[in-house]
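Below is one structure, written out as structure tokens; comments come after it.
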Amino acid sequence: MKPIAENPINIPRYPLEFQQIITAKNQNFVGREFVFAAINKFLNQSDRGYFTIIGAPGIGKSAILAHYVSQNPGVVYYNVEIPGKNRVEEFLTTICTQLIEIAQNQGIKNLTANFSNSTTEDSGFLSLLLQKISDRLHPKQRLIITIDGCDRIDINNQPRGSNIFYLPRYLPEKVYFILSRRPFLADKSGLLIETPAQSLDLSNYPEQNRADIQEYIKTYLNESSHSEPIVSEEKNRGDFSLNMTEQGFDDETNFMYVKEILADITEDIYPQNLQIYYQNHLEKMNLATSKQQPIALQVLNILVQEQPISIEAIAEILDTDEYEIKVILDKWREFLHLESIAAEIHYSIYHASFRNWLRQQIESSS
């Protein structure tokens with residue numbers, strides 16, 4: 001994929017911790033051309049704006065951003081992989097530091113004098129920097145800022161109703177934000193913006209996702225210098241059997257799952273990293289519905305058994321109010337797959353492996 005800017009701006013060196021993530025996420029990266037095509041189309045059709053990549057856990061959002069910025073350098077911020085980076089103070093300090101270096105390369109002076117503690121209190125200084133940089137961009141230049149994991153931002157220290165990370169409501173020309181986040185409720189986006197905006201939901205591209213998974217497996221095998229299939233016969237993994245050859249995972253669309261299974265094929269059921277990943281999911285689900293226990297556990301027990309199922313059906317099974325069920329499912333939105341069946345929304349756990357793991361946890365604790 002060629003860089004979108006014919007005259008790229010001089011960008012600062014990324015913080016080492018971000019560079020390490022970009023390098024790691026780029027390992028064996030393949031495909032995702034439909035995503036990059038959508039981004040480039042948005043950049044070419046809009047003179048500024050926000051582009052958001054939406055996807056379930058493990059589908060490859062962070063890797064997409066890492067590969068994009070490696071091909072199209074700009075300003076980068078990761079808040080998921082590094083402890084403490086999900087706070088607005090860290091974001092504004094890091095982003096503004098990168099932007100100041102860009103502005104200085106453009107010949108703009110006396111910016112550091114305005115870089116004070118107040119910089120992290122709102123979007124004022126950030127917006128000032130964006131405008132000053134925008135004013136000096138050549139016609140074919142763009143300033144692109146990528147932010148990973150917007151669903152994991154800590155908003156507790158921000159005023160109620162403010163944008164996540166104080167992201168600007170308005171943007172100057174040639175300035176773009178590319179965001180990634182898990183599925184969310186429309187009224188819980190955390191963004192009030194009046195500038196061009198577009199989103200791409202990876203779940204709407206199952207065929208492309210499957211094809212990219214197949215290419216990833218082939219690339220992994222080649223990079224690992226395996227001349228033979230990883231295992232010679234199917235290996236039972238709990239409720240599912242996997243033929244761990246390059247023809248396997250025919251219907252798989254989750255990169256995290258495939259990556260961990262390939263990396264730790266000797267595990268009996270679930271690789272340790274995958275178990276930790278799923279445990280973090282479960283802890284977040286429990287925390288989100290701590291005030292709805294024990295009914296939340298009953299809902300979860302239904303979700304791991306019945307696929308997919310409507311709110312009405314869950315409420316009927318539990319003999320409870322549909323609204324109470326909806327509140328719980330809304331809080332679990334990022335871990336659920338929604339589909340319309342007979343004009344009614346049905347819910348299921350986002351990935352079969354996570355569903356099976358959850359079922360095991362419930363059965364082992366009962």
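By order of appearance in the structure tokens: chains A, B, ..., then residues from 1 within every chain, and ligands from 1 in the order shown.
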Do you have, as a Markdown table, the list of residues of segment 100-203 of chain A lying at most 10 Å from segment 41-45 of chain A, each with its nearest atom pair and that distance in Å to one decimal, counting only C-alpha atoms and ordered by chain then number?
```
| residue | atom | partner | partner_atom | distance |
| --- | --- | --- | --- | --- |
| A:Arg142 | CA | A:Leu43 | CA | 8.8 |
| A:Ile144 | CA | A:Leu43 | CA | 9.6 |
| A:Lys174 | CA | A:Leu43 | CA | 8.7 |
| A:Val175 | CA | A:Leu43 | CA | 9.5 |
| A:Tyr176 | CA | A:Leu43 | CA | 7.9 |
| A:Pro196 | CA | A:Phe42 | CA | 9.1 |
| A:Ala197 | CA | A:Phe42 | CA | 8.7 |
| A:Gln198 | CA | A:Phe42 | CA | 7.6 |
| A:Ser199 | CA | A:Phe42 | CA | 9.8 |
```
Would you mind exporting the chosen residues as a PDB file, in the first residue's frame, restricted to all heavy atoms?
```pdb
ATOM      1  N   ARG A 142      -1.252  15.937   4.427  1.00  0.00           N
ATOM      2  CA  ARG A 142      -2.281  15.718   5.437  1.00  0.00           C
ATOM      3  C   ARG A 142      -1.616  15.424   6.770  1.00  0.00           C
ATOM      4  O   ARG A 142      -0.542  14.811   6.810  1.00  0.00           O
ATOM      5  CB  ARG A 142      -3.182  14.530   5.067  1.00  0.00           C
ATOM      6  CG  ARG A 142      -3.967  14.691   3.775  1.00  0.00           C
ATOM      7  CD  ARG A 142      -4.815  13.439   3.553  1.00  0.00           C
ATOM      8  NE  ARG A 142      -5.651  13.521   2.369  1.00  0.00           N
ATOM      9  CZ  ARG A 142      -5.331  13.038   1.183  1.00  0.00           C
ATOM     10  NH1 ARG A 142      -4.153  12.452   1.024  1.00  0.00           N
ATOM     11  NH2 ARG A 142      -6.157  13.119   0.168  1.00  0.00           N
ATOM     12  N   ILE A 144      -2.256  13.171   9.885  1.00  0.00           N
ATOM     13  CA  ILE A 144      -3.074  12.028  10.291  1.00  0.00           C
ATOM     14  C   ILE A 144      -2.662  11.590  11.685  1.00  0.00           C
ATOM     15  O   ILE A 144      -1.487  11.324  11.949  1.00  0.00           O
ATOM     16  CB  ILE A 144      -2.913  10.858   9.299  1.00  0.00           C
ATOM     17  CG1 ILE A 144      -3.365  11.287   7.904  1.00  0.00           C
ATOM     18  CG2 ILE A 144      -3.714   9.639   9.771  1.00  0.00           C
ATOM     19  CD1 ILE A 144      -3.114  10.250   6.831  1.00  0.00           C
ATOM     20  N   LYS A 174      -7.361  19.375   6.263  1.00  0.00           N
ATOM     21  CA  LYS A 174      -6.234  18.446   6.078  1.00  0.00           C
ATOM     22  C   LYS A 174      -5.819  17.755   7.375  1.00  0.00           C
ATOM     23  O   LYS A 174      -4.725  17.168   7.457  1.00  0.00           O
ATOM     24  CB  LYS A 174      -5.017  19.144   5.461  1.00  0.00           C
ATOM     25  CG  LYS A 174      -5.305  19.906   4.175  1.00  0.00           C
ATOM     26  CD  LYS A 174      -4.002  20.348   3.542  1.00  0.00           C
ATOM     27  CE  LYS A 174      -4.193  21.549   2.625  1.00  0.00           C
ATOM     28  NZ  LYS A 174      -4.175  22.812   3.320  1.00  0.00           N
ATOM     29  N   VAL A 175      -6.661  17.789   8.401  1.00  0.00           N
ATOM     30  CA  VAL A 175      -6.371  17.114   9.667  1.00  0.00           C
ATOM     31  C   VAL A 175      -7.370  15.978   9.853  1.00  0.00           C
ATOM     32  O   VAL A 175      -8.581  16.183   9.750  1.00  0.00           O
ATOM     33  CB  VAL A 175      -6.439  18.083  10.857  1.00  0.00           C
ATOM     34  CG1 VAL A 175      -6.282  17.327  12.178  1.00  0.00           C
ATOM     35  CG2 VAL A 175      -5.364  19.160  10.728  1.00  0.00           C
ATOM     36  N   TYR A 176      -6.851  14.779  10.132  1.00  0.00           N
ATOM     37  CA  TYR A 176      -7.694  13.586  10.248  1.00  0.00           C
ATOM     38  C   TYR A 176      -7.308  12.784  11.487  1.00  0.00           C
ATOM     39  O   TYR A 176      -6.130  12.687  11.832  1.00  0.00           O
ATOM     40  CB  TYR A 176      -7.531  12.686   9.020  1.00  0.00           C
ATOM     41  CG  TYR A 176      -7.851  13.355   7.707  1.00  0.00           C
ATOM     42  CD1 TYR A 176      -6.885  14.134   7.055  1.00  0.00           C
ATOM     43  CD2 TYR A 176      -9.093  13.214   7.109  1.00  0.00           C
ATOM     44  CE1 TYR A 176      -7.163  14.750   5.844  1.00  0.00           C
ATOM     45  CE2 TYR A 176      -9.384  13.825   5.897  1.00  0.00           C
ATOM     46  CZ  TYR A 176      -8.419  14.597   5.276  1.00  0.00           C
ATOM     47  OH  TYR A 176      -8.697  15.209   4.082  1.00  0.00           O
ATOM     48  N   PRO A 196     -16.673  15.960   9.113  1.00  0.00           N
ATOM     49  CA  PRO A 196     -16.930  14.698   8.422  1.00  0.00           C
ATOM     50  C   PRO A 196     -16.489  13.491   9.250  1.00  0.00           C
ATOM     51  O   PRO A 196     -15.421  13.515   9.882  1.00  0.00           O
ATOM     52  CB  PRO A 196     -16.101  14.830   7.139  1.00  0.00           C
ATOM     53  CG  PRO A 196     -16.063  16.306   6.880  1.00  0.00           C
ATOM     54  CD  PRO A 196     -15.986  16.937   8.239  1.00  0.00           C
ATOM     55  N   ALA A 197     -17.300  12.445   9.245  1.00  0.00           N
ATOM     56  CA  ALA A 197     -17.000  11.242  10.032  1.00  0.00           C
ATOM     57  C   ALA A 197     -17.517  10.013   9.310  1.00  0.00           C
ATOM     58  O   ALA A 197     -18.559  10.056   8.651  1.00  0.00           O
ATOM     59  CB  ALA A 197     -17.618  11.337  11.424  1.00  0.00           C
ATOM     60  N   GLN A 198     -16.788   8.937   9.437  1.00  0.00           N
ATOM     61  CA  GLN A 198     -17.186   7.671   8.823  1.00  0.00           C
ATOM     62  C   GLN A 198     -16.658   6.529   9.678  1.00  0.00           C
ATOM     63  O   GLN A 198     -15.612   6.649  10.323  1.00  0.00           O
ATOM     64  CB  GLN A 198     -16.625   7.562   7.405  1.00  0.00           C
ATOM     65  CG  GLN A 198     -17.021   6.293   6.667  1.00  0.00           C
ATOM     66  CD  GLN A 198     -16.442   6.256   5.258  1.00  0.00           C
ATOM     67  OE1 GLN A 198     -16.342   7.278   4.575  1.00  0.00           O
ATOM     68  NE2 GLN A 198     -16.027   5.080   4.819  1.00  0.00           N
ATOM     69  N   SER A 199     -17.369   5.422   9.705  1.00  0.00           N
ATOM     70  CA  SER A 199     -16.914   4.245  10.436  1.00  0.00           C
ATOM     71  C   SER A 199     -16.934   3.030   9.530  1.00  0.00           C
ATOM     72  O   SER A 199     -17.701   2.967   8.564  1.00  0.00           O
ATOM     73  CB  SER A 199     -17.778   3.995  11.676  1.00  0.00           C
ATOM     74  OG  SER A 199     -19.121   3.723  11.302  1.00  0.00           O
TER      75      SER A 199
END
```
Inset, instruction - Quick one: pick out all strand (DSSP E) residues within segment 301-338 of chain A from a backbone DSSP run and write them as a list in words. - result: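 Checking each residue of segment 301-338 of chain A, the strand (DSSP E) ones are Ile309, Ser310, Leu336, His337 and Leu338 of chain A.
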Inset, instruction - For Tyr216 of chain A, work out the shell of residues within 7 Å, counting only C-alpha atoms and skipping chain neighbours fewer than 2 positions away, then give it as a list of chain:residue names. - result: A:Asn28, A:Phe29, A:Val30, A:Asp212, A:Ile213, A:Gln214, A:Lys218, A:Thr219, A:Tyr220
Inset, instruction - Write out as a ChimeraX atom specification which residues come within 10 Å of Val88 of chain A when counting only C-alpha atoms, dropping same-chain ones fewer than 5 positions away. - result: /A:79,93-94,120-122,153-158,164-167
Inset, instruction - Find, counting only C-alpha atoms, the residue in A:Ala37, A:Leu221, A:Ala66, A:Ile59 that gets nearest to Tyr14 of chain A. - result: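 With only C-alpha atoms as the atom set, the closest residue is A:Ala66.
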Go through segment 46-110 of chain A residue by residue and, counting only C-alpha atoms, keep those with an atom at most 12 Å from segment 251-255 of chain A; for each kept residue give the shortest atom pair and its distance in Å to one decimal, ordered by chain and increasing number, as JSON lines.
```
{"residue": "A:Gly55", "atom": "CA", "partner": "A:Asn254", "partner_atom": "CA", "distance": 10.0}
{"residue": "A:Ala56", "atom": "CA", "partner": "A:Asn254", "partner_atom": "CA", "distance": 8.5}
{"residue": "A:Pro57", "atom": "CA", "partner": "A:Asn254", "partner_atom": "CA", "distance": 8.1}
{"residue": "A:Gly58", "atom": "CA", "partner": "A:Asn254", "partner_atom": "CA", "distance": 5.7}
{"residue": "A:Ile59", "atom": "CA", "partner": "A:Asn254", "partner_atom": "CA", "distance": 4.6}
{"residue": "A:Gly60", "atom": "CA", "partner": "A:Phe255", "partner_atom": "CA", "distance": 5.8}
{"residue": "A:Lys61", "atom": "CA", "partner": "A:Phe255", "partner_atom": "CA", "distance": 9.6}
{"residue": "A:Ser62", "atom": "CA", "partner": "A:Phe255", "partner_atom": "CA", "distance": 10.8}
{"residue": "A:Ala63", "atom": "CA", "partner": "A:Phe255", "partner_atom": "CA", "distance": 9.6}
{"residue": "A:Ile64", "atom": "CA", "partner": "A:Phe255", "partner_atom": "CA", "distance": 11.2}
```
Take the residues that were just selected and, keeping all heavy atoms, output them as an mmCIF file, in the first residue's frame.
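Contents of part.cif, as written:
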```cif
data_model
loop_
_atom_site.group_PDB
_atom_site.id
_atom_site.type_symbol
_atom_site.label_atom_id
_atom_site.label_comp_id
_atom_site.auth_asym_id
_atom_site.auth_seq_id
_atom_site.Cartn_x
_atom_site.Cartn_y
_atom_site.Cartn_z
ATOM 1 N N GLY A 55 -14.494 -3.098 15.653
ATOM 2 C CA GLY A 55 -14.369 -4.543 15.548
ATOM 3 C C GLY A 55 -14.370 -5.220 16.898
ATOM 4 O O GLY A 55 -14.001 -4.626 17.913
ATOM 5 N N ALA A 56 -14.778 -6.476 16.909
ATOM 6 C CA ALA A 56 -14.810 -7.272 18.133
ATOM 7 C C ALA A 56 -13.393 -7.489 18.662
ATOM 8 O O ALA A 56 -12.412 -7.315 17.929
ATOM 9 C CB ALA A 56 -15.482 -8.620 17.850
ATOM 10 N N PRO A 57 -13.251 -7.864 19.926
ATOM 11 C CA PRO A 57 -11.918 -8.135 20.475
ATOM 12 C C PRO A 57 -11.174 -9.172 19.639
ATOM 13 O O PRO A 57 -11.742 -10.188 19.245
ATOM 14 C CB PRO A 57 -12.225 -8.669 21.879
ATOM 15 C CG PRO A 57 -13.555 -8.076 22.238
ATOM 16 C CD PRO A 57 -14.317 -8.027 20.943
ATOM 17 N N GLY A 58 -9.910 -8.904 19.368
ATOM 18 C CA GLY A 58 -9.074 -9.882 18.696
ATOM 19 C C GLY A 58 -9.174 -9.935 17.192
ATOM 20 O O GLY A 58 -8.515 -10.764 16.557
ATOM 21 N N ILE A 59 -9.964 -9.067 16.597
ATOM 22 C CA ILE A 59 -10.154 -9.143 15.142
ATOM 23 C C ILE A 59 -9.044 -8.438 14.368
ATOM 24 O O ILE A 59 -8.983 -8.522 13.147
ATOM 25 C CB ILE A 59 -11.531 -8.577 14.744
ATOM 26 C CG1 ILE A 59 -11.981 -9.134 13.380
ATOM 27 C CG2 ILE A 59 -11.527 -7.051 14.748
ATOM 28 C CD1 ILE A 59 -13.428 -8.852 13.041
ATOM 29 N N GLY A 60 -8.153 -7.732 15.084
ATOM 30 C CA GLY A 60 -6.975 -7.173 14.429
ATOM 31 C C GLY A 60 -6.940 -5.676 14.272
ATOM 32 O O GLY A 60 -6.172 -5.156 13.447
ATOM 33 N N LYS A 61 -7.703 -4.946 15.066
ATOM 34 C CA LYS A 61 -7.763 -3.484 14.921
ATOM 35 C C LYS A 61 -6.411 -2.827 15.190
ATOM 36 O O LYS A 61 -5.970 -1.957 14.429
ATOM 37 C CB LYS A 61 -8.828 -2.915 15.879
ATOM 38 C CG LYS A 61 -10.223 -3.465 15.676
ATOM 39 C CD LYS A 61 -11.218 -2.857 16.643
ATOM 40 C CE LYS A 61 -10.926 -3.192 18.089
ATOM 41 N NZ LYS A 61 -10.992 -4.646 18.378
ATOM 42 N N SER A 62 -5.749 -3.234 16.273
ATOM 43 C CA SER A 62 -4.464 -2.629 16.620
ATOM 44 C C SER A 62 -3.417 -2.910 15.554
ATOM 45 O O SER A 62 -2.598 -2.040 15.227
ATOM 46 C CB SER A 62 -3.980 -3.150 17.981
ATOM 47 O OG SER A 62 -4.874 -2.772 19.011
ATOM 48 N N ALA A 63 -3.436 -4.119 15.010
ATOM 49 C CA ALA A 63 -2.477 -4.461 13.957
ATOM 50 C C ALA A 63 -2.740 -3.643 12.698
ATOM 51 O O ALA A 63 -1.794 -3.226 12.009
ATOM 52 C CB ALA A 63 -2.552 -5.954 13.654
ATOM 53 N N ILE A 64 -4.003 -3.408 12.392
ATOM 54 C CA ILE A 64 -4.341 -2.590 11.226
ATOM 55 C C ILE A 64 -3.758 -1.188 11.380
ATOM 56 O O ILE A 64 -3.136 -0.649 10.452
ATOM 57 C CB ILE A 64 -5.869 -2.522 11.036
ATOM 58 C CG1 ILE A 64 -6.405 -3.881 10.561
ATOM 59 C CG2 ILE A 64 -6.259 -1.424 10.050
ATOM 60 C CD1 ILE A 64 -7.918 -3.983 10.548
#
```
Legend entry - Nearest to Asn105 of chain A by atom-to-atom distance, counting only C-alpha atoms, from A:Gln71, A:Trp332, A:Ile11, A:Glu306: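 The answer is A:Ile11, which sits nearest to Asn105 of chain A.
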Inset, instruction - Could you tell me how far atom CA of Lys291 of chain A lies from atom CA of Glu81 of chain A, in Å and to one decimal? - result: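 Atom CA of Glu81 of chain A lies 28.2 Å from atom CA of Lys291 of chain A.
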Legend entry - Atomic separation - atom CA of Tyr350 of chain A relative to atom CA of Arg87 of chain A, Å: 27.3 Å
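Of the listed residues A:Ile345, A:Met285, A:Ile21, A:Ile54, the one whose atoms come nearest to Glu312 of chain A is A:Ile345, with distances taken using only C-alpha atoms.
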